[in-house]
Every structure is written in C-alpha cells, then in structure tokens.
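Dumped entry35.csv below, it's CSV, C-alpha atoms:
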chain,number,residue,atom,x,y,z
A,1,MET,CA,0.4,0.1,-9.4
A,2,GLU,CA,2.2,0.2,-12.7
A,3,PHE,CA,5.7,1.7,-12.8
A,4,LYS,CA,6.0,3.7,-16.1
A,5,ASP,CA,9.3,3.6,-17.8
A,6,TYR,CA,9.3,7.0,-19.5
A,7,TYR,CA,12.6,6.3,-21.4
A,8,LYS,CA,11.1,3.1,-22.9
A,9,ILE,CA,7.9,5.0,-23.9
A,10,LEU,CA,10.0,7.5,-25.8
A,11,GLY,CA,12.4,4.9,-27.1
A,12,VAL,CA,15.5,6.6,-25.8
A,13,PRO,CA,18.4,5.4,-23.6
A,14,ARG,CA,18.6,6.6,-20.0
A,15,ASP,CA,21.6,8.8,-20.8
A,16,ALA,CA,19.8,10.4,-23.8
A,17,SER,CA,20.5,14.1,-24.3
A,18,GLN,CA,17.7,16.7,-24.2
A,19,ASP,CA,18.0,17.1,-27.9
A,20,ASP,CA,17.5,13.3,-28.3
A,21,ILE,CA,14.4,13.5,-26.2
A,22,ARG,CA,13.0,16.4,-28.2
A,23,LYS,CA,13.6,14.5,-31.5
A,24,ALA,CA,12.0,11.3,-30.1
A,25,TYR,CA,9.0,13.1,-28.9
A,26,ARG,CA,8.4,14.9,-32.2
A,27,LYS,CA,8.7,11.6,-34.1
A,28,LEU,CA,6.2,9.9,-31.9
A,29,ALA,CA,3.8,12.9,-31.8
A,30,ARG,CA,3.7,12.7,-35.6
A,31,LYS,CA,2.9,9.0,-35.4
A,32,TYR,CA,0.3,9.0,-32.7
A,33,HIS,CA,-1.4,12.5,-32.8
A,34,PRO,CA,-5.1,11.7,-33.0
A,35,ASP,CA,-5.6,14.2,-35.9
A,36,VAL,CA,-3.3,12.3,-38.2
A,37,SER,CA,-2.7,8.8,-36.8
A,38,LYS,CA,-4.5,5.8,-38.0
A,39,GLU,CA,-3.4,3.6,-35.1
A,40,ALA,CA,-6.2,2.1,-33.1
A,41,ASP,CA,-4.7,3.1,-29.8
A,42,ALA,CA,-3.5,6.5,-30.8
A,43,ASP,CA,-5.2,8.4,-28.0
A,44,VAL,CA,-3.7,6.2,-25.3
A,45,ARG,CA,-0.3,6.2,-26.8
A,46,MET,CA,-0.3,9.9,-27.3
A,47,ARG,CA,-1.2,10.5,-23.6
A,48,GLU,CA,1.7,8.2,-22.6
A,49,VAL,CA,4.1,10.0,-24.9
A,50,ASN,CA,3.0,13.5,-23.6
A,51,GLU,CA,3.4,12.3,-20.0
A,52,ALA,CA,6.9,10.9,-20.6
A,53,ASN,CA,8.0,14.0,-22.4
A,54,ASP,CA,6.6,16.3,-19.7
A,55,VAL,CA,8.9,14.6,-17.2
A,56,LEU,CA,12.1,14.0,-19.2
A,57,ARG,CA,12.3,17.4,-20.9
A,58,ASP,CA,12.4,19.1,-17.6
A,59,ALA,CA,15.8,18.7,-15.9
A,60,GLU,CA,14.5,18.8,-12.4
A,61,LYS,CA,11.7,16.4,-13.0
A,62,ARG,CA,14.0,14.1,-14.9
A,63,ALA,CA,16.5,14.1,-12.0
A,64,ALA,CA,13.7,13.3,-9.4
A,65,TYR,CA,12.3,10.6,-11.7
A,66,ASP,CA,15.8,9.0,-12.2
A,67,GLN,CA,16.5,8.9,-8.4
A,68,LEU,CA,13.1,7.5,-7.5
A,69,ALA,CA,13.1,5.0,-10.4
A,70,ALA,CA,16.5,3.7,-9.3
A,71,GLY,CA,15.3,3.4,-5.7
A,72,VAL,CA,12.1,1.5,-6.2
A,73,SER,CA,12.7,-0.8,-9.1
A,74,GLY,CA,16.4,-0.8,-10.0
A,75,GLY,CA,15.8,1.5,-12.9
A,76,GLN,CA,13.8,-1.1,-14.8
A,77,GLY,CA,10.3,-1.0,-16.1
A,78,GLY,CA,7.4,-3.2,-14.9
A,79,MET,CA,5.9,-3.4,-11.4
A,80,PRO,CA,7.8,-2.0,-8.4
A,81,PRO,CA,8.3,-4.2,-5.3
A,82,PRO,CA,5.2,-4.6,-3.2
A,83,GLY,CA,4.8,-1.8,-0.7
A,84,TRP,CA,7.6,0.2,-2.2
A,85,ASP,CA,5.8,3.5,-1.3
A,86,ARG,CA,5.6,2.7,2.4
A,87,GLY,CA,7.4,5.3,4.4
A,88,PHE,CA,7.6,7.8,1.6
A,89,GLU,CA,6.8,11.3,2.8
A,90,PHE,CA,4.8,13.7,0.7
A,91,THR,CA,3.2,17.1,1.2
A,92,GLY,CA,-0.6,17.2,0.9
A,93,THR,CA,-3.9,16.5,2.6
A,94,GLY,CA,-3.7,12.7,2.9
A,95,GLY,CA,-4.1,9.6,0.7
A,96,GLY,CA,-1.0,7.5,0.3
A,97,ALA,CA,1.0,6.9,-2.9
A,98,GLY,CA,-0.5,3.5,-3.1
A,99,ASP,CA,-3.9,5.1,-3.9
A,100,ALA,CA,-2.7,6.7,-7.2
A,101,GLN,CA,-0.9,5.8,-10.3
A,102,PHE,CA,2.9,6.2,-10.1
A,103,HIS,CA,2.9,9.2,-12.4
A,104,ASP,CA,0.4,11.0,-10.2
A,105,PHE,CA,2.6,10.4,-7.2
A,106,MET,CA,5.6,11.8,-9.1
A,107,GLU,CA,3.6,14.9,-10.0
A,108,GLY,CA,3.0,15.5,-6.3
A,109,LEU,CA,6.7,15.2,-5.6
A,110,PHE,CA,7.6,17.6,-8.3
A,111,LYS,CA,5.1,20.2,-7.0
A,112,GLN,CA,6.7,19.7,-3.5
A,113,ALA,CA,10.2,20.1,-4.9
A,114,SER,CA,9.1,23.2,-6.8
A,115,ARG,CA,7.8,24.8,-3.6
A,116,GLN,CA,11.0,24.0,-1.8
A,117,ARG,CA,13.0,25.6,-4.6
A,118,HIS,CA,10.9,28.8,-4.5
A,119,ARG,CA,11.5,29.1,-0.8
A,120,GLN,CA,15.3,28.6,-1.1
A,121,GLN,CA,15.4,31.2,-3.9
A,122,GLY,CA,13.1,33.6,-2.1
A,123,PHE,CA,10.5,33.7,-4.8
A,124,ASP,CA,7.5,33.4,-2.5
A,125,GLY,CA,8.2,36.7,-0.9
A,126,ALA,CA,7.6,35.1,2.5
A,127,GLY,CA,10.9,33.6,3.4
A,128,PRO,CA,13.0,34.2,6.5
A,129,GLY,CA,13.3,37.9,7.3
A,130,ALA,CA,10.4,39.0,5.1
A,131,HIS,CA,8.3,41.8,6.5
A,132,THR,CA,4.7,42.8,6.2
A,133,GLY,CA,3.8,46.2,7.6
A,134,GLY,CA,7.0,46.3,9.7
A,135,HIS,CA,6.4,42.8,11.2
A,136,THR,CA,8.4,39.7,10.6
A,137,PHE,CA,6.3,37.3,8.5
A,138,LYS,CA,5.9,33.8,10.1
A,139,MET,CA,4.3,30.9,8.3
A,140,ARG,CA,3.7,27.4,9.7
A,141,GLY,CA,5.4,24.6,7.8
A,142,GLU,CA,3.3,22.2,5.7
A,143,ASP,CA,2.2,18.9,7.0
A,144,HIS,CA,3.8,15.7,5.7
A,145,HIS,CA,2.0,12.4,5.1
A,146,ALA,CA,3.4,8.9,4.8
A,147,ASP,CA,2.1,5.3,4.8
A,148,ILE,CA,3.8,3.0,7.3
A,149,GLU,CA,3.5,-0.8,7.5
A,150,ILE,CA,3.2,-2.6,10.8
A,151,THR,CA,2.2,-6.1,11.9
A,152,LEU,CA,-1.0,-7.2,13.6
A,153,GLU,CA,1.2,-8.2,16.5
A,154,ASP,CA,2.4,-4.5,16.8
A,155,SER,CA,-1.2,-3.3,17.0
A,156,PHE,CA,-2.2,-6.0,19.5
A,157,ALA,CA,0.7,-5.4,21.9
A,158,GLY,CA,1.4,-1.7,21.3
A,159,VAL,CA,5.1,-1.1,20.7
A,160,THR,CA,7.7,1.5,19.9
A,161,ARG,CA,9.4,1.1,16.5
A,162,GLU,CA,12.2,2.7,14.6
A,163,LEU,CA,10.7,3.6,11.2
A,164,GLY,CA,12.7,4.8,8.2
A,165,LEU,CA,11.1,7.5,6.0
A,166,ARG,CA,12.0,8.9,2.7
A,167,SER,CA,11.3,12.2,0.9
A,168,VAL,CA,12.3,14.2,-2.1
A,169,GLN,CA,14.1,17.4,-1.2
A,170,LEU,CA,16.2,20.0,-3.1
A,171,ASP,CA,19.9,20.4,-2.3
A,172,GLU,CA,21.7,23.8,-2.2
A,173,GLN,CA,21.9,23.8,-6.0
A,174,GLY,CA,18.2,23.2,-6.4
A,175,HIS,CA,18.6,19.6,-7.5
A,176,PRO,CA,16.2,17.0,-6.2
A,177,LYS,CA,17.5,14.2,-4.0
A,178,LEU,CA,16.2,11.4,-1.8
A,179,VAL,CA,16.6,12.1,1.9
A,180,ASP,CA,16.3,9.3,4.5
A,181,ARG,CA,15.5,9.7,8.2
A,182,THR,CA,14.6,7.5,11.1
A,183,LEU,CA,12.0,8.2,13.7
A,184,SER,CA,11.0,6.5,16.9
A,185,VAL,CA,7.3,6.0,16.7
A,186,ARG,CA,4.9,4.7,19.4
A,187,ILE,CA,2.3,2.3,17.9
A,188,PRO,CA,-0.8,2.6,20.1
A,189,THR,CA,-2.4,-0.6,21.3
A,190,GLY,CA,-5.4,-1.6,19.1
A,191,ILE,CA,-4.7,0.8,16.3
A,192,ARG,CA,-6.6,-0.2,13.1
A,193,GLU,CA,-5.6,-0.1,9.5
A,194,GLY,CA,-6.2,3.3,7.9
A,195,GLN,CA,-5.9,5.2,11.2
A,196,MET,CA,-3.3,8.0,11.5
A,197,ILE,CA,-0.5,8.6,14.0
A,198,ARG,CA,0.3,12.3,14.4
A,199,LEU,CA,3.9,13.3,15.1
A,200,ALA,CA,3.8,17.0,16.1
A,201,GLY,CA,6.6,19.2,14.6
A,202,GLN,CA,8.0,16.5,12.3
A,203,GLY,CA,6.7,18.0,9.0
A,204,MET,CA,8.0,20.8,6.9
A,205,PRO,CA,10.0,23.5,8.8
A,206,GLY,CA,8.2,26.8,9.2
A,207,GLU,CA,9.1,30.1,7.5
A,208,GLY,CA,10.4,33.2,9.3
A,209,GLY,CA,10.6,31.3,12.6
A,210,GLY,CA,7.1,29.8,12.3
A,211,GLU,CA,6.4,26.4,13.8
A,212,ALA,CA,7.0,23.2,11.9
A,213,GLY,CA,4.2,21.2,10.3
A,214,ASP,CA,3.2,17.8,11.6
A,215,LEU,CA,3.8,14.3,10.2
A,216,PHE,CA,0.8,12.1,9.8
A,217,LEU,CA,1.5,8.4,9.4
A,218,THR,CA,-1.3,6.2,7.9
A,219,VAL,CA,-1.2,2.7,9.2
A,220,ARG,CA,-1.2,-0.3,6.8
A,221,PHE,CA,-1.0,-3.9,8.0
A,222,ALA,CA,1.6,-6.3,6.6
A,223,PRO,CA,-0.1,-9.5,5.2
A,224,HIS,CA,-0.5,-12.0,8.0
A,225,ALA,CA,-0.2,-15.8,7.6
A,226,ILE,CA,-3.4,-16.5,9.5
A,227,TYR,CA,-5.5,-13.5,10.1
A,228,GLN,CA,-7.2,-10.9,7.9
A,229,PRO,CA,-8.1,-7.6,9.6
A,230,ASP,CA,-11.5,-6.0,9.2
A,231,GLY,CA,-11.5,-2.8,11.2
A,232,ARG,CA,-11.1,-4.0,14.8
A,233,ASP,CA,-12.3,-7.6,13.9
A,234,LEU,CA,-10.1,-10.4,12.6
A,235,LYS,CA,-11.0,-13.2,10.2
A,236,MET,CA,-9.4,-16.5,9.7
A,237,THR,CA,-10.0,-19.9,8.0
A,238,LEU,CA,-10.2,-22.9,10.4
A,239,PRO,CA,-9.7,-26.3,8.8
A,240,VAL,CA,-11.9,-29.1,10.3
A,241,THR,CA,-12.3,-32.8,9.4
A,242,PRO,CA,-15.5,-34.1,7.9
A,243,TRP,CA,-16.4,-36.0,11.1
A,244,GLU,CA,-15.8,-32.9,13.2
A,245,ALA,CA,-18.1,-30.9,10.9
A,246,VAL,CA,-20.8,-33.6,10.8
A,247,LEU,CA,-20.7,-34.9,14.4
A,248,GLY,CA,-19.6,-31.7,16.1
A,249,GLY,CA,-17.2,-31.5,18.9
A,250,ALA,CA,-14.4,-29.4,20.5
A,251,VAL,CA,-11.3,-28.4,18.5
A,252,HIS,CA,-8.5,-25.9,19.2
A,253,ALA,CA,-8.1,-22.7,17.3
A,254,PRO,CA,-5.3,-20.0,17.4
A,255,THR,CA,-6.1,-16.5,18.5
A,256,MET,CA,-3.9,-13.4,19.1
A,257,GLN,CA,-4.0,-14.3,22.9
A,258,GLY,CA,-3.2,-18.0,22.4
A,259,GLN,CA,-5.0,-21.2,21.7
A,260,VAL,CA,-8.7,-21.5,22.7
A,261,GLU,CA,-11.2,-24.4,22.6
A,262,VAL,CA,-13.9,-24.0,20.0
A,263,ASN,CA,-17.1,-26.0,19.9
A,264,ILE,CA,-18.0,-27.0,16.3
A,265,PRO,CA,-21.8,-27.4,16.1
A,266,ALA,CA,-23.0,-30.8,14.7
A,267,GLY,CA,-24.0,-30.5,11.0
A,268,SER,CA,-21.6,-27.7,10.2
A,269,LYS,CA,-21.0,-27.2,6.5
A,270,GLN,CA,-18.2,-25.8,4.3
A,271,GLY,CA,-18.0,-22.1,4.8
A,272,SER,CA,-20.0,-22.1,8.1
A,273,LYS,CA,-18.9,-19.2,10.3
A,274,LEU,CA,-18.3,-19.0,14.1
A,275,ARG,CA,-17.7,-15.8,16.2
A,276,LEU,CA,-15.3,-15.6,19.1
A,277,ARG,CA,-16.2,-12.4,21.0
A,278,GLY,CA,-13.4,-10.2,22.2
A,279,LYS,CA,-10.7,-12.2,20.4
A,280,GLY,CA,-9.9,-9.5,17.8
A,281,LEU,CA,-7.8,-6.3,18.2
A,282,PRO,CA,-7.9,-4.6,21.6
A,283,GLY,CA,-10.2,-1.7,22.1
A,284,ASP,CA,-13.3,-0.5,24.0
A,285,PRO,CA,-15.0,-2.7,23.1
A,286,PRO,CA,-12.5,-5.2,21.7
A,287,GLY,CA,-13.0,-6.7,18.2
A,288,ASP,CA,-14.1,-10.2,17.5
A,289,LEU,CA,-12.5,-13.1,15.7
A,290,TYR,CA,-14.6,-14.7,12.9
A,291,LEU,CA,-13.8,-18.3,12.0
A,292,THR,CA,-14.8,-19.7,8.5
A,293,LEU,CA,-14.8,-23.5,8.5
A,294,ASP,CA,-12.9,-25.3,5.8
A,295,VAL,CA,-13.9,-29.0,5.6
A,296,VAL,CA,-10.7,-30.9,4.6
A,297,TRP,CA,-11.0,-34.5,3.5
A,298,PRO,CA,-8.1,-36.8,4.2
A,299,PRO,CA,-6.4,-38.3,1.1
A,300,ALA,CA,-7.0,-41.9,0.3
A,301,THR,CA,-3.3,-42.8,0.1
A,302,SER,CA,-3.4,-46.1,1.9
A,303,ASP,CA,-5.4,-49.3,1.6
A,304,ALA,CA,-7.0,-48.6,5.0
A,305,ALA,CA,-8.1,-45.1,4.0
A,306,ARG,CA,-9.6,-46.4,0.7
A,307,ALA,CA,-11.4,-49.1,2.6
A,308,ALA,CA,-12.8,-46.6,5.0
A,309,TYR,CA,-14.2,-44.4,2.1
A,310,GLN,CA,-15.8,-47.6,0.6
A,311,GLN,CA,-17.4,-48.4,3.9
A,312,LEU,CA,-18.7,-44.8,4.2
A,313,ALA,CA,-20.2,-45.0,0.7
A,314,ALA,CA,-22.0,-48.2,1.6
A,315,ALA,CA,-23.1,-47.1,5.1
A,316,ALA,CA,-24.3,-43.6,4.0
A,317,PRO,CA,-25.6,-43.7,0.4
A,318,PHE,CA,-25.9,-40.1,-0.8
A,319,ASN,CA,-26.5,-38.4,-4.1
A,320,PRO,CA,-25.2,-34.8,-3.9
A,321,ARG,CA,-26.6,-34.2,-7.5
A,322,SER,CA,-30.2,-35.1,-6.8
A,323,HIS,CA,-31.3,-31.5,-7.0
A,324,LEU,CA,-30.0,-31.5,-10.6
A,325,GLY,CA,-32.5,-34.2,-11.5
A,326,VAL,CA,-29.8,-36.8,-12.3
A,327,GLN,CA,-29.1,-40.2,-10.9
A,328,SER,CA,-26.1,-40.9,-8.8
Before anything else, please render the file you have as structure tokens.
Amino acid sequence: MEFKDYYKILGVPRDASQDDIRKAYRKLARKYHPDVSKEADADVRMREVNEANDVLRDAEKRAAYDQLAAGVSGGQGGMPPPGWDRGFEFTGTGGGAGDAQFHDFMEGLFKQASRQRHRQQGFDGAGPGAHTGGHTFKMRGEDHHADIEITLEDSFAGVTRELGLRSVQLDEQGHPKLVDRTLSVRIPTGIREGQMIRLAGQGMPGEGGGEAGDLFLTVRFAPHAIYQPDGRDLKMTLPVTPWEAVLGGAVHAPTMQGQVEVNIPAGSKQGSKLRLRGKGLPGDPPGDLYLTLDVVWPPATSDAARAAYQQLAAAAPFNPRSHLGVQS
C-alpha cells in the first residue's frame, strides 16, 4: 500500500498556506493538463495533482490527513509500517483499509467525519429531540469495522485480549482528531483468517436514544515463523536429509500440539507433501497440517565430508541431465 505525500506532490511545505496551495495547484495544472501538456505521463500526474489538491485545499480534510500521516509514517512519504491499518475503525459495510489504496481509505474517513459534523450541527434533521408526526425520531447508530491482528497461537488456544482501536472523530469545534480506545475481546478457539468477531453496541452511538451500532472485527493472522494458514489447515516446510528422503524413516516434526513422529516414505523427493490429519486449527472437523519436504544437503566443509561425497559419486553414478541429451 503506497502512502501518498500530498505536500510533495504539490511541491509545498507542510505549513503552506491555503494561498500557497492554490498557486501550486494552478502551476501544476497548467503543466500537466492533458489538453496542453506534452509530458508523457501527463494523465497520471494530473490525477495525482487533483487528488492532492482535493485534500489539502479543504481545511477539514487537510487536518485529518495531517493527523493520520503523522501517526502512520512520521509525516514522511513512502511506505507506511506493515500493518499500520490494523485496529483502525471505519464506518461502512466491510473490507479493511489494507484492501484499498491509502487515498481511498482517507476518503472513507472524510465521509465519516462529515456525517459526524452534520449530526453535531443538526443538519440531518434527525438528531436528538427531532420529531416526526409528534413522535421522537430514533435511529440506530452505524456499524464500525476494523481489522485486528492475532497470532495462530491465539486462534489455537482461544484467548481474551486487550485490543487498541483508533478512529477519526470530530471534536466540539468540528475538527477531526484521532481517538484511541481499548476493548477486551474474546478470540474464539479455531477462528480463521478473514472471519469476523461481532461486538454488539460498540459501533456508532444511536440518534434520539436509538441503539448503538455494532463493531465488526475482521481477523488477520500475524506472520508465523513456521506455519502458513490456509483456512483451517496449516502448511509448513519440513527439512530432511538426503538419506532420510531416499531411504525413508521416522523423523520428528513440530505441530501446534507439540512434536510428533512422522514417517518419511522411501524415495521421497524435493517438494513431496505429507498430510497430518487433525493437526491444523481446532474445529469440527479440525484442520490438517501439510508438510512440504525440503531436502537439505550437508556442506562439504571437512575432509571427511568431501570424502563421503566422493564415495557416493563412485558408488552411485548418476547423470541428472540425461533427459537433456547431454553426457555427464
């Protein structure tokens, strides 16, 4: 996900005045407008300039952009830290910030902040105390969504975790600000990546006494040193020696439940796959663990090791390039 530095795109400092921003935009528009520009990338550059101008010329959008930019990347351009969007609440129907470009995510935040401002100022006509036909108008609050990052161990064991969440809200003066909160969340045993956890009443407050919306947390797994999740199944690479692969035999392999003994079939090759039933994530039925064999040759770093390789070459002459029609 590319973090776009709108100030850099317009060529203005971060403390530029609105007049400076207008001047910079007009100058770049004259340079890159497709009707007059001879630049090869005029269309792309003009879209970037328009996007930057749309944000920085609006005081509210600019304030939200500045706060978020400072929080996710220290106010610098380039890539934000991995997983920076985890735990960032937004209003909508699903799909985390990691699924869209940064500017699309910002647009969603601006729309959310605009709705909040309208409610605070009473522009929607349905705020607290509003009446329709002599009855108090009640409206359920909007649902919030956020991506959360957990470990495979959290899913395997089922735990309760304290999770920090962030959202963009407006203060009493209508200025956007980042708001942090902490919730205690129960991680169900065997939950899979992409599944949602629903926290009732933790979304946007309702209007006119209406009930609050819900908070939906989409689960993402943190990278694991050994396992790669695939739904309820897990995958891993299991290193074996050449003699274990050729001759077969029992070796030990790690699982989420602890070490188990695995029988390597004789004649196994690089990339051969084994399946351990029920050794994936818990469930009904539980997932499986798939092992991909990685044949690892010992280095010839001693006289004895080199002599062993020479003996192998003499005892088992073999041309791996015979199918190419060449001599060994």
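The nearest approach to Ala16 of chain A among the residues A:Asn50, A:Leu293, A:Asp41, A:Arg62, with all atoms listed in the file taken into account, belongs to A:Arg62.
Take atom CA of Ser167 of chain A and atom CA of Ile148 of chain A: the distance between them is 13.5 Å.
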Problem set entry | segment 190-207 of chain A surroundings by only C-alpha atoms, 7 Å radius, close-in-sequence under 6 positions cut, as a ChimeraX atom specification | /A:127-128,138-144,155-156,213-221,231-232,281-283
Seminar exercise, completed: atom CA of Glu48 of chain A to atom CA of Asp19 of chain A measures 19.3 Å
Spatial neighbours of Asn263 of chain A, max dist 7 Å, all atoms listed in the file, sep filter under 2 positions, as a PDB file with C-alpha atoms, in the coordinates of the input:
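As a result, part.pdb now contains:
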ATOM      1  CA  GLY A 249     -17.200 -31.500  18.900  1.00  0.00           C
ATOM      2  CA  ALA A 250     -14.400 -29.400  20.500  1.00  0.00           C
ATOM      3  CA  VAL A 251     -11.300 -28.400  18.500  1.00  0.00           C
ATOM      4  CA  GLU A 261     -11.200 -24.400  22.600  1.00  0.00           C
ATOM      5  CA  PRO A 265     -21.800 -27.400  16.100  1.00  0.00           C
TER       6      PRO A 265
END
Exercise. Which one of A:Val36, A:Leu274, A:Ile187, A:Leu234 sits closest to Met256 of chain A if you count only C-alpha atoms?
Worked result: A:Leu234
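As for atom CA of Thr292 of chain A and atom CA of Met236 of chain A, they are spaced 6.4 Å apart.
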